[in-house]
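The data block below is data_29.csv; it holds CSV, C-alpha atoms.
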```csv
chain,number,residue,atom,x,y,z
A,1,ALA,CA,31.1,24.3,75.7
A,2,GLY,CA,34.8,23.5,75.7
A,3,MET,CA,35.2,24.6,79.3
A,4,ASN,CA,32.4,22.3,80.4
A,5,LYS,CA,34.0,19.2,78.9
A,6,ASN,CA,37.3,20.0,80.7
A,7,SER,CA,35.7,20.3,84.1
A,8,THR,CA,33.7,17.0,83.6
A,9,ARG,CA,37.0,15.2,82.8
A,10,LYS,CA,38.6,16.8,85.9
A,11,SER,CA,35.7,15.7,88.2
A,12,GLN,CA,35.8,12.1,86.6
A,13,ALA,CA,39.6,12.0,87.3
A,14,VAL,CA,39.0,13.2,90.9
A,15,ASN,CA,36.3,10.6,91.3
A,16,ILE,CA,38.5,7.8,90.0
A,17,LEU,CA,41.4,8.9,92.2
A,18,PHE,CA,39.1,9.2,95.3
A,19,THR,CA,37.8,5.7,94.6
A,20,MET,CA,41.3,4.3,94.2
A,21,VAL,CA,42.5,6.0,97.4
A,22,LEU,CA,39.5,4.6,99.3
A,23,PHE,CA,40.2,1.1,97.9
A,24,LEU,CA,43.8,1.4,99.0
A,25,VAL,CA,42.8,2.4,102.5
A,26,PHE,CA,40.4,-0.5,102.6
A,27,VAL,CA,43.1,-2.9,101.5
A,28,LEU,CA,45.6,-1.6,104.0
A,29,CYS,CA,43.0,-1.8,106.8
A,30,ALA,CA,42.2,-5.4,105.8
A,31,LEU,CA,45.9,-6.3,105.8
A,32,PHE,CA,46.5,-4.7,109.2
A,33,THR,CA,43.5,-6.5,110.6
A,34,VAL,CA,44.8,-9.9,109.4
A,35,LEU,CA,48.3,-9.1,110.8
A,36,ILE,CA,47.0,-8.0,114.2
A,37,GLY,CA,44.7,-10.9,114.3
A,38,GLY,CA,47.5,-13.3,113.6
A,39,LYS,CA,49.7,-11.7,116.3
A,40,VAL,CA,46.8,-11.9,118.9
A,41,TYR,CA,46.3,-15.6,118.0
A,42,GLU,CA,50.0,-16.3,118.3
A,43,ASN,CA,50.1,-14.6,121.8
A,44,ILE,CA,47.1,-16.6,123.0
A,45,ASN,CA,48.7,-19.8,121.7
A,46,GLN,CA,51.9,-19.0,123.4
A,47,ARG,CA,50.2,-18.1,126.7
A,48,THR,CA,48.1,-21.3,126.6
A,49,GLU,CA,51.3,-23.4,126.0
A,50,GLU,CA,53.1,-21.7,128.9
A,51,ASN,CA,50.1,-22.2,131.2
A,52,PHE,CA,49.9,-25.8,130.0
A,53,ASN,CA,53.6,-26.5,130.7
A,54,GLY,CA,53.4,-24.8,134.1
A,55,SER,CA,50.3,-26.8,135.1
A,56,VAL,CA,51.7,-30.1,133.8
A,57,ALA,CA,54.8,-29.7,135.9
A,58,LEU,CA,52.7,-28.9,139.0
A,59,HIS,CA,50.3,-31.8,138.4
A,60,TYR,CA,53.2,-34.1,138.0
A,61,VAL,CA,54.7,-33.0,141.3
A,62,ALA,CA,51.4,-33.4,143.0
A,63,ASN,CA,50.9,-36.9,141.7
A,64,LYS,CA,54.4,-38.0,142.7
A,65,VAL,CA,54.0,-36.5,146.2
A,66,ARG,CA,50.7,-38.4,146.6
A,67,GLN,CA,52.1,-41.7,145.4
A,68,GLY,CA,55.3,-41.2,147.5
A,69,ASP,CA,53.3,-40.3,150.6
A,70,ARG,CA,51.5,-43.6,150.5
A,71,MET,CA,54.5,-45.7,149.9
A,72,GLY,CA,57.4,-44.0,151.7
A,73,LEU,CA,58.6,-40.7,152.7
A,74,VAL,CA,58.6,-37.4,150.9
A,75,ASP,CA,61.0,-34.5,151.5
A,76,VAL,CA,62.4,-31.5,149.8
A,77,THR,CA,66.2,-31.1,149.8
A,78,GLU,CA,68.7,-29.0,147.9
A,79,ILE,CA,71.3,-30.5,145.6
A,80,ASP,CA,73.9,-28.2,143.9
A,81,GLY,CA,71.7,-25.2,144.7
A,82,ILE,CA,68.6,-26.8,143.0
A,83,PRO,CA,65.5,-27.6,145.0
A,84,VAL,CA,64.7,-31.3,144.7
A,85,LEU,CA,61.7,-33.3,145.7
A,86,GLU,CA,63.0,-36.5,147.2
A,87,ILE,CA,60.8,-39.5,147.6
A,88,LYS,CA,62.3,-42.5,149.3
A,89,GLN,CA,60.8,-46.0,149.4
A,90,GLU,CA,62.0,-49.3,150.9
A,91,ALA,CA,61.9,-52.5,148.9
A,92,GLY,CA,63.1,-55.3,151.0
A,93,GLU,CA,66.7,-54.5,152.1
A,94,ASP,CA,67.1,-51.8,149.5
A,95,MET,CA,66.2,-48.1,149.7
A,96,TYR,CA,65.2,-46.5,146.5
A,97,VAL,CA,65.1,-42.7,145.9
A,98,THR,CA,63.2,-40.6,143.3
A,99,TRP,CA,64.4,-37.1,142.6
A,100,ILE,CA,62.2,-34.6,140.8
A,101,TYR,CA,63.7,-31.2,139.9
A,102,CYS,CA,64.0,-28.6,137.2
A,103,GLN,CA,67.3,-28.2,135.3
A,104,ASP,CA,68.2,-26.6,132.0
A,105,GLY,CA,64.6,-25.7,131.1
A,106,TRP,CA,63.3,-29.3,131.8
A,107,MET,CA,61.6,-31.0,134.7
A,108,LYS,CA,63.6,-34.1,135.3
A,109,GLU,CA,63.2,-37.3,137.2
A,110,LEU,CA,65.8,-39.7,138.5
A,111,PHE,CA,64.9,-43.0,140.0
A,112,THR,CA,67.8,-45.0,141.5
A,113,PHE,CA,68.9,-46.9,144.6
A,114,GLU,CA,70.4,-44.9,147.4
A,115,GLY,CA,74.2,-44.4,147.1
A,116,SER,CA,74.2,-45.3,143.4
A,117,GLY,CA,76.4,-42.2,142.7
A,118,LEU,CA,74.1,-40.8,140.1
A,119,GLY,CA,73.6,-37.1,140.1
A,120,LEU,CA,71.2,-34.4,138.7
A,121,ALA,CA,72.7,-34.7,135.3
A,122,ASP,CA,71.5,-38.3,135.0
A,123,GLY,CA,67.8,-37.5,135.3
A,124,LEU,CA,65.4,-38.1,132.4
A,125,PRO,CA,63.4,-35.1,131.0
A,126,VAL,CA,59.7,-35.2,131.8
A,127,THR,CA,58.3,-31.9,130.5
A,128,GLU,CA,59.5,-28.4,129.7
A,129,CYS,CA,59.8,-26.2,132.8
A,130,ALA,CA,61.0,-22.6,133.2
A,131,GLY,CA,61.9,-23.3,136.8
A,132,LEU,CA,60.6,-25.1,139.9
A,133,ASP,CA,60.9,-23.9,143.4
A,134,MET,CA,60.0,-26.3,146.2
A,135,ARG,CA,60.1,-26.1,149.9
A,136,ARG,CA,58.8,-28.1,152.8
A,137,ASP,CA,57.4,-26.6,155.9
A,138,GLY,CA,56.4,-29.2,158.5
A,139,ARG,CA,53.8,-31.3,156.7
A,140,LEU,CA,53.3,-28.8,153.9
A,141,ILE,CA,55.1,-29.0,150.6
A,142,THR,CA,54.9,-25.9,148.4
A,143,ALA,CA,55.8,-26.1,144.7
A,144,VAL,CA,56.0,-23.0,142.5
A,145,THR,CA,56.6,-23.1,138.8
A,146,LYS,CA,58.4,-20.0,137.4
A,147,GLY,CA,58.0,-18.3,134.1
A,148,LYS,CA,55.0,-16.7,132.5
A,149,GLY,CA,52.7,-19.7,132.9
A,150,GLY,CA,53.8,-20.2,136.5
A,151,GLY,CA,51.5,-21.5,139.2
A,152,ARG,CA,51.6,-22.7,142.8
A,153,ILE,CA,50.5,-25.8,144.5
A,154,MET,CA,50.5,-26.7,148.2
A,155,LEU,CA,50.4,-30.3,149.3
A,156,SER,CA,49.9,-31.8,152.7
A,157,VAL,CA,51.9,-34.9,153.4
A,158,ARG,CA,51.4,-37.5,156.1
A,159,SER,CA,54.9,-39.1,155.9
A,160,GLY,CA,57.6,-37.4,158.0
A,161,GLY,CA,61.1,-36.5,156.9
A,162,ALA,CA,62.6,-39.6,158.4
A,163,LEU,CA,61.6,-43.3,158.4
A,164,GLN,CA,59.3,-44.0,161.3
```
Encoded form using structure tokens:
Amino acid sequence: AGMNKNSTRKSQAVNILFTMVLFLVFVLCALFTVLIGGKVYENINQRTEENFNGSVALHYVANKVRQGDRMGLVDVTEIDGIPVLEIKQEAGEDMYVTWIYCQDGWMKELFTFEGSGLGLADGLPVTECAGLDMRRDGRLITAVTKGKGGGRIMLSVRSGGALQ
């Protein structure tokens, strides 16, 4: 009878050990699920933010081009190696110019009168932007935002590159 008690104890110990190992595996699986879920959520959030920033920049450019096209003339030029959307408008005797461009991770806008001596560094930040490439081909202006959330927009303009 002494042998039987010993083997019962052994099997109880094995059962308890097995249950504990199973519980530990369950806890680890739950922990990894939470960690992986958190990472996935973080990635989705980051991607959404990047896409949002990219599309905000493009919509901003599109709206400015449409406004500028009605009131004056729209062109794309390059200043200090940076592509710049240039919108000129006359107000009485004066000629005003708006520059929209991307510099130091920001989309910036500078509104001033022509010949004011202000440069790209004087622009005000509008929204975060990984990079903005713009070019004009005839009546077509193409704007491309760089970075992971990058996009592209093509805009047709009526106004020519010089005052009619």
Nearest-residue call for Arg158 (chain A), choices A:Ala30, A:Leu17, A:Val126, A:Val65, using all atoms listed in the file:
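Of A:Ala30, A:Leu17, A:Val126, A:Val65, the one nearest Arg158 (chain A) is A:Val65, counting all atoms listed in the file.
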Could you pull the residues within 7 Å of region 104-118 of chain A, counting all atoms listed in the file, minus those fewer than 5 positions along the same chain, as a short mmCIF file (atom, residue, chain, number, x, y, z; two decimals) with C-alpha atoms, in the coordinates of the input?
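Written file, around_37.cif:
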```
data_model
loop_
_atom_site.label_atom_id
_atom_site.label_comp_id
_atom_site.auth_asym_id
_atom_site.auth_seq_id
_atom_site.Cartn_x
_atom_site.Cartn_y
_atom_site.Cartn_z
CA MET A 95 66.20 -48.10 149.70
CA TYR A 96 65.20 -46.50 146.50
CA VAL A 97 65.10 -42.70 145.90
CA THR A 98 63.20 -40.60 143.30
CA TRP A 99 64.40 -37.10 142.60
CA GLY A 123 67.80 -37.50 135.30
CA LEU A 124 65.40 -38.10 132.40
CA PRO A 125 63.40 -35.10 131.00
CA VAL A 126 59.70 -35.20 131.80
CA THR A 127 58.30 -31.90 130.50
CA GLU A 128 59.50 -28.40 129.70
CA CYS A 129 59.80 -26.20 132.80
CA ALA A 130 61.00 -22.60 133.20
CA GLY A 131 61.90 -23.30 136.80
#
```
Counting only C-alpha atoms, which of A:Phe23, A:Phe32, A:Tyr60, A:Phe18 gets nearest to Ala143 (chain A)?
A:Tyr60
Could you give me, as an MDAnalysis selection string, the residues within 9 Å of region 133-137 of chain A, counting all atoms listed in the file and dropping anything in the same chain fewer than 3 positions from it?
chainID A and resid 75:77 82:85 101:102 140:146
Atom pair CA of Asp122 (chain A) + CA of Arg66 (chain A), distance 23.8 Å
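Closest to Ile79 (chain A) among A:Leu24, A:Val40, A:Leu31, A:Ala121 is A:Ala121, based on all atoms listed in the file.
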d(CA of Ser156 (chain A), CA of Leu73 (chain A)) in Å:
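The value is 12.4 Å.
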Can you measure CA of Lys88 (chain A) to CA of Arg70 (chain A) for me? One decimal in Å is fine.
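Here the two named atoms are 10.9 Å from each other.
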Looking at all atoms listed in the file, which of A:Leu132, A:Ile100, A:Leu28, A:Ile36 is the one that sits closest to Asn53 (chain A)?
A:Leu132
Could you check which of A:Lys148, A:Arg9, A:Val157, A:Glu90 is closest to Asn51 (chain A), using only C-alpha atoms?
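Once distances to Asn51 (chain A) are computed over only C-alpha atoms, the minimum belongs to A:Lys148.
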Give the answer as one residue: which of A:Lys64, A:Lys10, A:His59, A:Arg139 has the shortest atom-to-atom distance to Ile153 (chain A), using all atoms listed in the file?
A:His59
